[in-house]
Amino acid sequence: MDQTPTPAPAATITTVKPPRSELNETLRFLVKLAIAVLILRSFLFAPFSIPSESMLPRLLIGDYLFVTKWNYGYSRWSLPGGVPLIPGRILGRDPTRGDVVVFRSPEPDDHDVIKRVIGLPGDTIQVRRGQVILNGKPIPKQRVADFVLPLTPNFDAQKCGSQFQDVDAAGVPICRYPRFRETLPNGKSYMVLDQADIPQADDTGLYTVPAGDVFLMGDNRDDSADSRFPAPIGMGYIPMERIEGKAVVTFFSTDGNASWINPVSWFTAARWQRIGEGF
């Protein structure tokens with residue numbers, strides 16, 4: 001009887017993948033990390049540091065805070081460097097009067113700035129003898145206790161001004177400013193400083209906020225380049241699409257005494273009582 005020979009089993013071909021190099025794995029991880037950070041900073045949260053005294057008394061030089069990015073929608077200014085990948089403004093929502101916002105200032109000296117929203121589209125605003133008039137009605141302005149700030153490396157005697165310099169009961173040099181409480185029609189209340197009678201800041205013309213724009217002011221009314229002044233002296237009206245986000249909480253603060261070569265100073269220079277302050 002003839003027997004049909006059984007065919008030999010096909011040879012199994014095993015593909016051996018070359019081992020991934022440690023360098024490639026590291027680069028892959030760094031790329032993924034960069035993409036995650038980009039998404040986080042652009043659409044969720046972003047850190048911001050305070051370089052000037054224009055938002056005293058709420059914000060001090062050396063404060064670090066988080067800004068939420070979703071409150072007012074997204075535009076090219078939501079992305080690092082203002083990369084023009086988002087046309088106009090998407091998911092846009094208007095801010096509320098009294099919100100503290102980070103925005104991109106007008107060109108050519110465009111940079112990130114933080115101010116408080118005072119006027120929305122259609123509002124009329126004027127300042128008379130240091131009091132803000134919103135839609136024809138004065139915003140209540142109540143004198144409260146002086147704002148006292150110790151003199152430190154990032155807020156020294158030169159920034160304070162000789163007429164406001166003092167010493168506390170322990171003989172520590174301080175800066176003492178007149179402080180007031182403003183209350184907007186929506187009930188939002190906050191502190192402002194009014195250092196002196198400065199005509200160009202305390203007595204202005206009448207502003208009418210255009211559609212799509214906001215009117216912003218610094219809480220340190222006599223030391224803030226804001227919407228009261230046209231660019232490049234101030235900011236003028238700010239288009240909604242230039243608003244990057246809403247200030248929500250202070251996560252760190254330093255008085256300027258820290259040194260990179262002295263890690264202990266990172267703790268001694270911290271203003272711990274300011275951490276966790278909301279808006």
# chains A, B, ... in the order shown; residues from 1 in each chain; ligands from 1
>>> residues_around(residues="Trp272 (chain A)", least_positions_apart="6", cutoff="9 Å", atoms="only C-alpha atoms", output="list in words")
Phe252, Ser253 and Thr254 of chain A
>>> write_last_selection(atoms="N, CA, C and O atoms", output="PDB file, in the first residue's frame")
ATOM      1  N   PHE A 252       2.556  79.988  46.467  1.00  0.00           N
ATOM      2  CA  PHE A 252       3.847  80.248  47.102  1.00  0.00           C
ATOM      3  C   PHE A 252       4.086  81.742  47.105  1.00  0.00           C
ATOM      4  O   PHE A 252       3.495  82.494  46.327  1.00  0.00           O
ATOM      5  N   SER A 253       4.950  82.183  48.028  1.00  0.00           N
ATOM      6  CA  SER A 253       5.301  83.598  48.089  1.00  0.00           C
ATOM      7  C   SER A 253       6.657  83.732  48.769  1.00  0.00           C
ATOM      8  O   SER A 253       6.951  83.034  49.742  1.00  0.00           O
ATOM      9  N   THR A 254       7.490  84.614  48.255  1.00  0.00           N
ATOM     10  CA  THR A 254       8.809  84.840  48.825  1.00  0.00           C
ATOM     11  C   THR A 254       9.075  86.331  48.948  1.00  0.00           C
ATOM     12  O   THR A 254       8.630  87.127  48.118  1.00  0.00           O
TER      13      THR A 254
END
>>> select_by_dssp(residues="region 10-124 of chain A", states="alpha helix (DSSP H)", output="JSON, numbers by chain")
{"A": [22, 23, 24, 25, 26, 27, 28, 29, 30, 31, 32, 33, 34, 35, 36, 37, 38, 39, 40, 41, 42, 43]}
>>> closest_residue(among="A:Ala145, A:Ile275, A:Ile238, A:Ile133", to="Ser105 (chain A)", atoms="only C-alpha atoms")
A:Ile238
>>> closest_residue(among="A:Leu60, A:Leu85, A:Ile118, A:Ala34", to="Thr152 (chain A)", atoms="only C-alpha atoms")
A:Leu60
>>> atom_distance(atom1="CA of Pro150 (chain A)", atom2="CA of Arg181 (chain A)")
21.2 Å
>>> residues_around(residues="Thr183 (chain A)", least_positions_apart="5", cutoff="9 Å", atoms="only C-alpha atoms", output="VMD selection string")
chain A and resid 98 139 to 142 188 to 191
>>> closest_residue(among="A:Gly136, A:Gly187, A:Gly245, A:Gly82", to="Asp110 (chain A)", atoms="only C-alpha atoms")
A:Gly82
>>> residues_around(residues="Leu206 (chain A)", least_positions_apart="2", cutoff="12 Å", atoms="only C-alpha atoms", output="VMD selection string")
chain A and resid 123 to 128 132 to 136 203 to 204 208 to 209 227 to 229
>>> write_last_selection(atoms="all heavy atoms", output="short mmCIF file (atom, residue, chain, number, x, y, z; two decimals), in the first residue's frame")
data_model
loop_
_atom_site.label_atom_id
_atom_site.label_comp_id
_atom_site.auth_asym_id
_atom_site.auth_seq_id
_atom_site.Cartn_x
_atom_site.Cartn_y
_atom_site.Cartn_z
N ASP A 123 -20.50 99.03 29.30
CA ASP A 123 -20.41 99.81 30.54
C ASP A 123 -19.76 101.16 30.29
O ASP A 123 -18.90 101.30 29.41
CB ASP A 123 -19.56 99.06 31.58
CG ASP A 123 -20.29 97.89 32.22
OD1 ASP A 123 -21.53 97.82 32.07
OD2 ASP A 123 -19.62 97.07 32.86
N THR A 124 -20.17 102.15 31.08
CA THR A 124 -19.46 103.43 31.11
C THR A 124 -18.70 103.52 32.42
O THR A 124 -19.20 103.11 33.48
CB THR A 124 -20.43 104.61 30.97
OG1 THR A 124 -21.36 104.60 32.07
CG2 THR A 124 -21.19 104.55 29.65
N ILE A 125 -17.49 104.05 32.35
CA ILE A 125 -16.61 104.12 33.51
C ILE A 125 -15.92 105.48 33.52
O ILE A 125 -15.48 105.97 32.48
CB ILE A 125 -15.57 102.99 33.49
CG1 ILE A 125 -16.26 101.63 33.54
CG2 ILE A 125 -14.59 103.13 34.64
CD1 ILE A 125 -15.37 100.48 33.21
N GLN A 126 -15.84 106.05 34.69
CA GLN A 126 -15.09 107.29 34.89
C GLN A 126 -14.55 107.29 36.31
O GLN A 126 -15.14 106.66 37.22
CB GLN A 126 -16.00 108.51 34.67
CG GLN A 126 -15.25 109.84 34.66
CD GLN A 126 -16.14 111.01 34.28
OE1 GLN A 126 -17.36 110.93 34.38
NE2 GLN A 126 -15.54 112.10 33.82
N VAL A 127 -13.41 107.93 36.51
CA VAL A 127 -12.85 108.08 37.85
C VAL A 127 -12.90 109.56 38.21
O VAL A 127 -12.41 110.41 37.47
CB VAL A 127 -11.41 107.56 37.92
CG1 VAL A 127 -10.87 107.68 39.36
CG2 VAL A 127 -11.32 106.11 37.46
N ARG A 128 -13.53 109.86 39.37
CA ARG A 128 -13.62 111.23 39.86
C ARG A 128 -13.10 111.28 41.29
O ARG A 128 -13.62 110.57 42.16
CB ARG A 128 -15.06 111.74 39.84
CG ARG A 128 -15.74 111.77 38.48
CD ARG A 128 -17.17 112.22 38.64
NE ARG A 128 -17.95 112.03 37.42
CZ ARG A 128 -19.28 111.94 37.41
NH1 ARG A 128 -19.96 112.02 38.55
NH2 ARG A 128 -19.93 111.78 36.26
N VAL A 132 -14.37 105.35 41.51
CA VAL A 132 -14.81 104.81 40.22
C VAL A 132 -16.31 105.01 40.08
O VAL A 132 -17.09 104.67 40.99
CB VAL A 132 -14.45 103.32 40.10
CG1 VAL A 132 -14.95 102.75 38.77
CG2 VAL A 132 -12.94 103.12 40.23
N ILE A 133 -16.72 105.55 38.94
CA ILE A 133 -18.13 105.72 38.62
C ILE A 133 -18.47 104.70 37.54
O ILE A 133 -17.96 104.76 36.43
CB ILE A 133 -18.43 107.14 38.11
CG1 ILE A 133 -17.79 108.20 39.01
CG2 ILE A 133 -19.93 107.34 37.97
CD1 ILE A 133 -18.31 108.20 40.43
N LEU A 134 -19.32 103.73 37.89
CA LEU A 134 -19.69 102.65 36.97
C LEU A 134 -21.14 102.82 36.54
O LEU A 134 -22.05 102.80 37.38
CB LEU A 134 -19.49 101.29 37.65
CG LEU A 134 -19.89 100.04 36.87
CD1 LEU A 134 -19.06 99.89 35.60
CD2 LEU A 134 -19.76 98.79 37.74
N ASN A 135 -21.32 103.01 35.23
CA ASN A 135 -22.67 103.22 34.68
C ASN A 135 -23.42 104.32 35.42
O ASN A 135 -24.61 104.20 35.74
CB ASN A 135 -23.46 101.91 34.72
CG ASN A 135 -22.87 100.85 33.80
OD1 ASN A 135 -22.36 101.17 32.72
ND2 ASN A 135 -22.91 99.60 34.21
N GLY A 136 -22.69 105.39 35.70
CA GLY A 136 -23.30 106.57 36.31
C GLY A 136 -23.44 106.53 37.82
O GLY A 136 -23.86 107.52 38.43
N ASP A 203 -8.78 111.46 38.14
CA ASP A 203 -9.84 112.23 37.47
C ASP A 203 -9.69 112.01 35.97
O ASP A 203 -8.80 112.57 35.33
CB ASP A 203 -9.72 113.72 37.80
CG ASP A 203 -10.11 114.01 39.24
OD1 ASP A 203 -11.31 114.06 39.55
OD2 ASP A 203 -9.18 114.17 40.08
N THR A 204 -10.56 111.19 35.42
CA THR A 204 -10.42 110.78 34.02
C THR A 204 -11.64 111.21 33.21
O THR A 204 -12.64 111.68 33.75
CB THR A 204 -10.29 109.25 33.91
OG1 THR A 204 -11.56 108.65 34.22
CG2 THR A 204 -9.22 108.72 34.87
N THR A 208 -16.41 104.29 27.45
CA THR A 208 -17.49 103.35 27.11
C THR A 208 -16.83 102.10 26.55
O THR A 208 -16.15 102.14 25.52
CB THR A 208 -18.46 103.95 26.09
OG1 THR A 208 -19.04 105.15 26.63
CG2 THR A 208 -19.56 102.96 25.77
N VAL A 209 -17.02 100.98 27.23
CA VAL A 209 -16.32 99.74 26.86
C VAL A 209 -16.92 99.19 25.57
O VAL A 209 -18.12 98.92 25.49
CB VAL A 209 -16.42 98.70 27.98
CG1 VAL A 209 -15.58 97.47 27.64
CG2 VAL A 209 -15.98 99.30 29.31
N SER A 227 -6.41 100.16 31.97
CA SER A 227 -7.30 100.61 30.90
C SER A 227 -7.62 102.10 30.97
O SER A 227 -8.23 102.65 30.04
CB SER A 227 -8.61 99.81 30.93
OG SER A 227 -8.38 98.46 30.58
N ARG A 228 -7.23 102.76 32.05
CA ARG A 228 -7.44 104.21 32.11
C ARG A 228 -6.55 104.95 31.13
O ARG A 228 -6.84 106.10 30.78
CB ARG A 228 -7.16 104.72 33.53
CG ARG A 228 -8.18 104.32 34.57
CD ARG A 228 -7.71 104.68 35.96
NE ARG A 228 -6.58 103.85 36.38
CZ ARG A 228 -5.93 104.02 37.53
NH1 ARG A 228 -6.26 105.00 38.35
NH2 ARG A 228 -4.93 103.21 37.85
N PHE A 229 -5.48 104.30 30.70
CA PHE A 229 -4.49 104.96 29.85
C PHE A 229 -4.32 104.16 28.56
O PHE A 229 -4.23 102.94 28.59
CB PHE A 229 -3.14 105.05 30.58
CG PHE A 229 -3.27 105.51 32.00
CD1 PHE A 229 -3.20 104.62 33.06
CD2 PHE A 229 -3.46 106.86 32.28
CE1 PHE A 229 -3.32 105.03 34.36
CE2 PHE A 229 -3.58 107.29 33.59
CZ PHE A 229 -3.50 106.38 34.64
#
>>> closest_atom_pairs(of="region 66-140 of chain A", to="region 219-225 of chain A", cutoff="9 Å", atoms="only C-alpha atoms", output="JSON lines")
{"residue": "A:Lys115", "atom": "CA", "partner": "A:Asp219", "partner_atom": "CA", "distance": 7.6}
{"residue": "A:Arg116", "atom": "CA", "partner": "A:Asp219", "partner_atom": "CA", "distance": 7.2}
{"residue": "A:Gly130", "atom": "CA", "partner": "A:Arg221", "partner_atom": "CA", "distance": 8.2}
>>> closest_residue(among="A:Tyr237, A:Phe155, A:Phe215, A:Tyr207", to="Gly256 (chain A)", atoms="only C-alpha atoms")
A:Phe155
>>> residues_around(residues="Asp213 (chain A)", least_positions_apart="5", cutoff="9 Å", atoms="only C-alpha atoms", output="ChimeraX atom specification")
/A:119-121,237-241
>>> write_last_selection(atoms="all heavy atoms", output="PDB file, in the first residue's frame")
ATOM      1  N   GLY A 119     -15.033  96.823  34.101  1.00  0.00           N
ATOM      2  CA  GLY A 119     -16.093  97.110  33.150  1.00  0.00           C
ATOM      3  C   GLY A 119     -16.225  96.057  32.078  1.00  0.00           C
ATOM      4  O   GLY A 119     -15.234  95.514  31.586  1.00  0.00           O
ATOM      5  N   LEU A 120     -17.486  95.768  31.692  1.00  0.00           N
ATOM      6  CA  LEU A 120     -17.807  94.823  30.630  1.00  0.00           C
ATOM      7  C   LEU A 120     -18.337  95.581  29.419  1.00  0.00           C
ATOM      8  O   LEU A 120     -18.593  96.794  29.500  1.00  0.00           O
ATOM      9  CB  LEU A 120     -18.847  93.818  31.138  1.00  0.00           C
ATOM     10  CG  LEU A 120     -18.407  92.943  32.319  1.00  0.00           C
ATOM     11  CD1 LEU A 120     -19.571  92.083  32.798  1.00  0.00           C
ATOM     12  CD2 LEU A 120     -17.216  92.077  31.951  1.00  0.00           C
ATOM     13  N   PRO A 121     -18.510  94.907  28.284  1.00  0.00           N
ATOM     14  CA  PRO A 121     -18.984  95.607  27.080  1.00  0.00           C
ATOM     15  C   PRO A 121     -20.265  96.411  27.333  1.00  0.00           C
ATOM     16  O   PRO A 121     -21.219  95.923  27.933  1.00  0.00           O
ATOM     17  CB  PRO A 121     -19.228  94.458  26.094  1.00  0.00           C
ATOM     18  CG  PRO A 121     -18.266  93.400  26.525  1.00  0.00           C
ATOM     19  CD  PRO A 121     -18.210  93.488  28.011  1.00  0.00           C
ATOM     20  N   TYR A 237      -8.480  99.419  26.323  1.00  0.00           N
ATOM     21  CA  TYR A 237      -9.435  98.310  26.403  1.00  0.00           C
ATOM     22  C   TYR A 237      -8.733  97.019  25.965  1.00  0.00           C
ATOM     23  O   TYR A 237      -7.918  97.015  25.042  1.00  0.00           O
ATOM     24  CB  TYR A 237     -10.635  98.565  25.490  1.00  0.00           C
ATOM     25  CG  TYR A 237     -11.350  99.868  25.763  1.00  0.00           C
ATOM     26  CD1 TYR A 237     -11.387 100.871  24.785  1.00  0.00           C
ATOM     27  CD2 TYR A 237     -11.988 100.102  26.975  1.00  0.00           C
ATOM     28  CE1 TYR A 237     -12.048 102.073  25.024  1.00  0.00           C
ATOM     29  CE2 TYR A 237     -12.645 101.305  27.209  1.00  0.00           C
ATOM     30  CZ  TYR A 237     -12.677 102.286  26.239  1.00  0.00           C
ATOM     31  OH  TYR A 237     -13.324 103.471  26.473  1.00  0.00           O
ATOM     32  N   ILE A 238      -9.081  95.922  26.618  1.00  0.00           N
ATOM     33  CA  ILE A 238      -8.457  94.627  26.315  1.00  0.00           C
ATOM     34  C   ILE A 238      -9.486  93.704  25.658  1.00  0.00           C
ATOM     35  O   ILE A 238     -10.551  93.439  26.237  1.00  0.00           O
ATOM     36  CB  ILE A 238      -7.909  93.964  27.592  1.00  0.00           C
ATOM     37  CG1 ILE A 238      -6.802  94.828  28.197  1.00  0.00           C
ATOM     38  CG2 ILE A 238      -7.378  92.565  27.287  1.00  0.00           C
ATOM     39  CD1 ILE A 238      -5.593  95.028  27.301  1.00  0.00           C
ATOM     40  N   PRO A 239      -9.212  93.200  24.449  1.00  0.00           N
ATOM     41  CA  PRO A 239     -10.123  92.240  23.804  1.00  0.00           C
ATOM     42  C   PRO A 239     -10.258  90.961  24.631  1.00  0.00           C
ATOM     43  O   PRO A 239      -9.295  90.488  25.233  1.00  0.00           O
ATOM     44  CB  PRO A 239      -9.437  91.952  22.461  1.00  0.00           C
ATOM     45  CG  PRO A 239      -8.544  93.128  22.225  1.00  0.00           C
ATOM     46  CD  PRO A 239      -8.081  93.567  23.574  1.00  0.00           C
ATOM     47  N   MET A 240     -11.469  90.435  24.666  1.00  0.00           N
ATOM     48  CA  MET A 240     -11.734  89.205  25.433  1.00  0.00           C
ATOM     49  C   MET A 240     -10.778  88.078  25.033  1.00  0.00           C
ATOM     50  O   MET A 240     -10.362  87.278  25.875  1.00  0.00           O
ATOM     51  CB  MET A 240     -13.175  88.749  25.198  1.00  0.00           C
ATOM     52  CG  MET A 240     -14.239  89.706  25.696  1.00  0.00           C
ATOM     53  SD  MET A 240     -14.548  89.544  27.447  1.00  0.00           S
ATOM     54  CE  MET A 240     -16.035  90.558  27.600  1.00  0.00           C
ATOM     55  N   GLU A 241     -10.442  87.995  23.752  1.00  0.00           N
ATOM     56  CA  GLU A 241      -9.616  86.874  23.303  1.00  0.00           C
ATOM     57  C   GLU A 241      -8.208  86.931  23.855  1.00  0.00           C
ATOM     58  O   GLU A 241      -7.476  85.942  23.786  1.00  0.00           O
ATOM     59  CB  GLU A 241      -9.581  86.812  21.779  1.00  0.00           C
ATOM     60  CG  GLU A 241      -8.891  87.970  21.102  1.00  0.00           C
ATOM     61  CD  GLU A 241      -8.917  87.852  19.588  1.00  0.00           C
ATOM     62  OE1 GLU A 241      -9.940  87.398  19.045  1.00  0.00           O
ATOM     63  OE2 GLU A 241      -7.901  88.200  18.976  1.00  0.00           O
TER      64      GLU A 241
END
>>> residues_around(residues="region 63-76 of chain A", least_positions_apart="2", cutoff="8 Å", atoms="only C-alpha atoms", output="number ranges by chain")
A: 41-50, 59-61, 78-79, 82-95, 102, 241-254
>>> write_last_selection(atoms="N, CA and C atoms", output="CSV table (one decimal), in the first residue's frame")
chain,number,residue,atom,x,y,z
A,41,ARG,N,-1.0,73.3,30.8
A,41,ARG,CA,-0.8,74.7,30.9
A,41,ARG,C,-1.7,75.5,29.9
A,42,SER,N,-2.1,74.9,28.8
A,42,SER,CA,-2.9,75.6,27.8
A,42,SER,C,-4.3,75.5,28.1
A,43,PHE,N,-4.8,74.4,28.7
A,43,PHE,CA,-6.3,74.2,28.8
A,43,PHE,C,-6.8,74.1,30.2
A,44,LEU,N,-5.9,73.8,31.2
A,44,LEU,CA,-6.4,73.6,32.5
A,44,LEU,C,-5.8,74.6,33.6
A,45,PHE,N,-4.6,74.4,33.9
A,45,PHE,CA,-4.0,75.3,34.9
A,45,PHE,C,-2.6,75.8,34.4
A,46,ALA,N,-2.2,77.0,34.9
A,46,ALA,CA,-0.9,77.6,34.6
A,46,ALA,C,-0.4,78.4,35.8
A,47,PRO,N,0.9,78.3,36.1
A,47,PRO,CA,1.4,79.2,37.1
A,47,PRO,C,1.7,80.6,36.6
A,48,PHE,N,1.7,81.5,37.5
A,48,PHE,CA,2.0,82.9,37.2
A,48,PHE,C,2.7,83.6,38.4
A,49,SER,N,3.7,84.4,38.1
A,49,SER,CA,4.4,85.1,39.2
A,49,SER,C,4.1,86.6,39.1
A,50,ILE,N,4.2,87.2,40.2
A,50,ILE,CA,3.9,88.7,40.3
A,50,ILE,C,5.2,89.5,40.3
A,59,LEU,N,-2.0,91.3,45.9
A,59,LEU,CA,-0.8,90.6,45.4
A,59,LEU,C,0.5,91.3,45.6
A,60,LEU,N,1.5,90.6,46.1
A,60,LEU,CA,2.8,91.2,46.4
A,60,LEU,C,3.8,90.7,45.4
A,61,ILE,N,4.8,91.5,45.2
A,61,ILE,CA,6.0,91.0,44.4
A,61,ILE,C,6.5,89.8,45.1
A,78,SER,N,-4.2,81.4,24.8
A,78,SER,CA,-4.2,80.3,25.8
A,78,SER,C,-2.9,79.4,25.6
A,79,LEU,N,-2.3,79.4,24.4
A,79,LEU,CA,-1.2,78.6,24.2
A,79,LEU,C,0.1,79.4,24.5
A,82,GLY,N,1.5,82.5,22.5
A,82,GLY,CA,0.5,82.9,21.6
A,82,GLY,C,0.5,82.3,20.2
A,83,VAL,N,0.9,81.1,20.1
A,83,VAL,CA,1.0,80.4,18.8
A,83,VAL,C,-0.4,80.4,18.2
A,84,PRO,N,-0.5,80.9,16.9
A,84,PRO,CA,-1.8,81.2,16.3
A,84,PRO,C,-2.5,79.9,15.8
A,85,LEU,N,-2.8,79.0,16.7
A,85,LEU,CA,-3.4,77.7,16.2
A,85,LEU,C,-4.9,77.7,16.5
A,86,ILE,N,-5.4,78.6,17.3
A,86,ILE,CA,-6.8,78.7,17.6
A,86,ILE,C,-7.4,80.0,17.0
A,87,PRO,N,-8.3,79.9,16.1
A,87,PRO,CA,-8.9,81.2,15.5
A,87,PRO,C,-9.9,81.8,16.4
A,88,GLY,N,-9.7,83.1,16.6
A,88,GLY,CA,-10.6,83.9,17.4
A,88,GLY,C,-10.7,83.4,18.9
A,89,ARG,N,-11.9,83.2,19.4
A,89,ARG,CA,-12.1,82.7,20.7
A,89,ARG,C,-13.2,81.6,20.7
A,90,ILE,N,-12.9,80.4,21.2
A,90,ILE,CA,-13.9,79.3,21.2
A,90,ILE,C,-14.3,79.1,22.6
A,91,LEU,N,-15.6,78.6,22.8
A,91,LEU,CA,-16.2,78.4,24.1
A,91,LEU,C,-16.1,79.6,25.0
A,92,GLY,N,-16.2,80.8,24.3
A,92,GLY,CA,-16.0,82.0,25.0
A,92,GLY,C,-17.1,82.4,26.0
A,93,ARG,N,-16.7,82.9,27.2
A,93,ARG,CA,-17.7,83.4,28.2
A,93,ARG,C,-17.1,84.7,28.8
A,94,ASP,N,-17.9,85.6,29.0
A,94,ASP,CA,-17.5,86.9,29.6
A,94,ASP,C,-17.1,86.7,31.0
A,95,PRO,N,-16.1,87.5,31.5
A,95,PRO,CA,-15.7,87.4,32.9
A,95,PRO,C,-16.8,88.2,33.7
A,102,VAL,N,-5.5,87.1,34.2
A,102,VAL,CA,-4.2,87.2,33.5
A,102,VAL,C,-4.5,87.4,32.0
A,241,GLU,N,-10.4,88.0,23.8
A,241,GLU,CA,-9.6,86.9,23.3
A,241,GLU,C,-8.2,86.9,23.9
A,242,ARG,N,-7.8,88.1,24.4
A,242,ARG,CA,-6.5,88.2,25.0
A,242,ARG,C,-6.5,87.7,26.5
A,243,ILE,N,-7.6,87.5,27.0
A,243,ILE,CA,-7.7,87.0,28.4
A,243,ILE,C,-7.3,85.5,28.4
A,244,GLU,N,-6.3,85.2,29.3
A,244,GLU,CA,-5.7,83.8,29.3
A,244,GLU,C,-6.4,83.0,30.4
A,245,GLY,N,-6.8,83.6,31.5
A,245,GLY,CA,-7.4,82.8,32.6
A,245,GLY,C,-7.7,83.6,33.8
A,246,LYS,N,-8.2,82.9,34.8
A,246,LYS,CA,-8.7,83.5,36.0
A,246,LYS,C,-7.8,83.1,37.2
A,247,ALA,N,-7.3,84.1,38.0
A,247,ALA,CA,-6.5,83.9,39.2
A,247,ALA,C,-7.4,83.2,40.2
A,248,VAL,N,-6.9,82.1,40.8
A,248,VAL,CA,-7.7,81.3,41.7
A,248,VAL,C,-7.1,81.2,43.1
A,249,VAL,N,-5.7,80.9,43.2
A,249,VAL,CA,-5.1,80.7,44.5
A,249,VAL,C,-3.6,81.0,44.5
A,250,THR,N,-3.1,81.5,45.6
A,250,THR,CA,-1.7,81.7,45.7
A,250,THR,C,-1.1,80.4,46.2
A,251,PHE,N,0.0,79.9,45.6
A,251,PHE,CA,0.6,78.6,46.0
A,251,PHE,C,1.9,78.8,46.6
A,252,PHE,N,2.6,80.0,46.5
A,252,PHE,CA,3.8,80.2,47.1
A,252,PHE,C,4.1,81.7,47.1
A,253,SER,N,4.9,82.2,48.0
A,253,SER,CA,5.3,83.6,48.1
A,253,SER,C,6.7,83.7,48.8
A,254,THR,N,7.5,84.6,48.3
A,254,THR,CA,8.8,84.8,48.8
A,254,THR,C,9.1,86.3,48.9
>>> residues_around(residues="Ile174 (chain A)", least_positions_apart="4", cutoff="9 Å", atoms="only C-alpha atoms", output="ChimeraX atom specification")
/A:148-152,157,160,164-168
>>> write_last_selection(atoms="N, CA, C and O atoms", output="short mmCIF file (atom, residue, chain, number, x, y, z; two decimals), in the first residue's frame")
data_model
loop_
_atom_site.label_atom_id
_atom_site.label_comp_id
_atom_site.auth_asym_id
_atom_site.auth_seq_id
_atom_site.Cartn_x
_atom_site.Cartn_y
_atom_site.Cartn_z
N VAL A 148 -0.10 97.57 55.71
CA VAL A 148 1.26 97.59 56.23
C VAL A 148 2.05 96.43 55.64
O VAL A 148 1.61 95.28 55.72
N LEU A 149 3.19 96.75 55.05
CA LEU A 149 4.02 95.74 54.40
C LEU A 149 5.47 95.94 54.82
O LEU A 149 6.02 97.04 54.66
N PRO A 150 6.12 94.90 55.40
CA PRO A 150 7.54 95.04 55.76
C PRO A 150 8.40 95.30 54.53
O PRO A 150 8.12 94.76 53.45
N LEU A 151 9.43 96.12 54.69
CA LEU A 151 10.38 96.35 53.60
C LEU A 151 11.28 95.12 53.47
O LEU A 151 11.86 94.66 54.45
N THR A 152 11.38 94.60 52.27
CA THR A 152 12.16 93.40 51.99
C THR A 152 12.94 93.61 50.70
O THR A 152 12.73 94.61 50.00
N ALA A 157 12.74 100.30 50.15
CA ALA A 157 12.34 101.68 50.44
C ALA A 157 12.10 102.48 49.17
O ALA A 157 11.23 103.36 49.14
N CYS A 160 8.63 101.77 48.04
CA CYS A 160 7.62 102.26 48.96
C CYS A 160 7.41 103.77 48.83
O CYS A 160 6.28 104.24 48.80
N PHE A 164 5.67 107.16 52.80
CA PHE A 164 4.92 106.04 53.34
C PHE A 164 5.77 105.13 54.22
O PHE A 164 5.27 104.13 54.72
N GLN A 165 7.02 105.47 54.41
CA GLN A 165 7.91 104.63 55.22
C GLN A 165 7.68 104.89 56.71
O GLN A 165 7.46 106.01 57.14
N ASP A 166 7.76 103.81 57.49
CA ASP A 166 7.51 103.87 58.92
C ASP A 166 8.23 102.71 59.58
O ASP A 166 8.92 101.93 58.90
N VAL A 167 8.08 102.57 60.89
CA VAL A 167 8.60 101.42 61.62
C VAL A 167 7.48 100.89 62.50
O VAL A 167 6.63 101.66 62.97
N ASP A 168 7.46 99.58 62.71
CA ASP A 168 6.43 99.01 63.58
C ASP A 168 6.87 99.05 65.04
O ASP A 168 7.92 99.63 65.36
#
>>> select_by_dssp(residues="region 35-251 of chain A", states="strand (DSSP E)", output="PyMOL selection string")
chain A and resi 45-49+63-68+74-75+89-90+100-104+112-119+124-128+131-134+137-138+141-150+165-167+173-183+189-193+207-208+213-217+238-239+243-251
>>> atom_distance(atom1="CA of Leu38 (chain A)", atom2="CA of Val100 (chain A)")
23.2 Å
>>> atom_distance(atom1="CA of Ala269 (chain A)", atom2="CA of Asp146 (chain A)")
23.9 Å
>>> closest_residue(among="A:Glu25, A:Asp226, A:Asp156, A:Asp112", to="Asp255 (chain A)", atoms="only C-alpha atoms")
A:Asp156
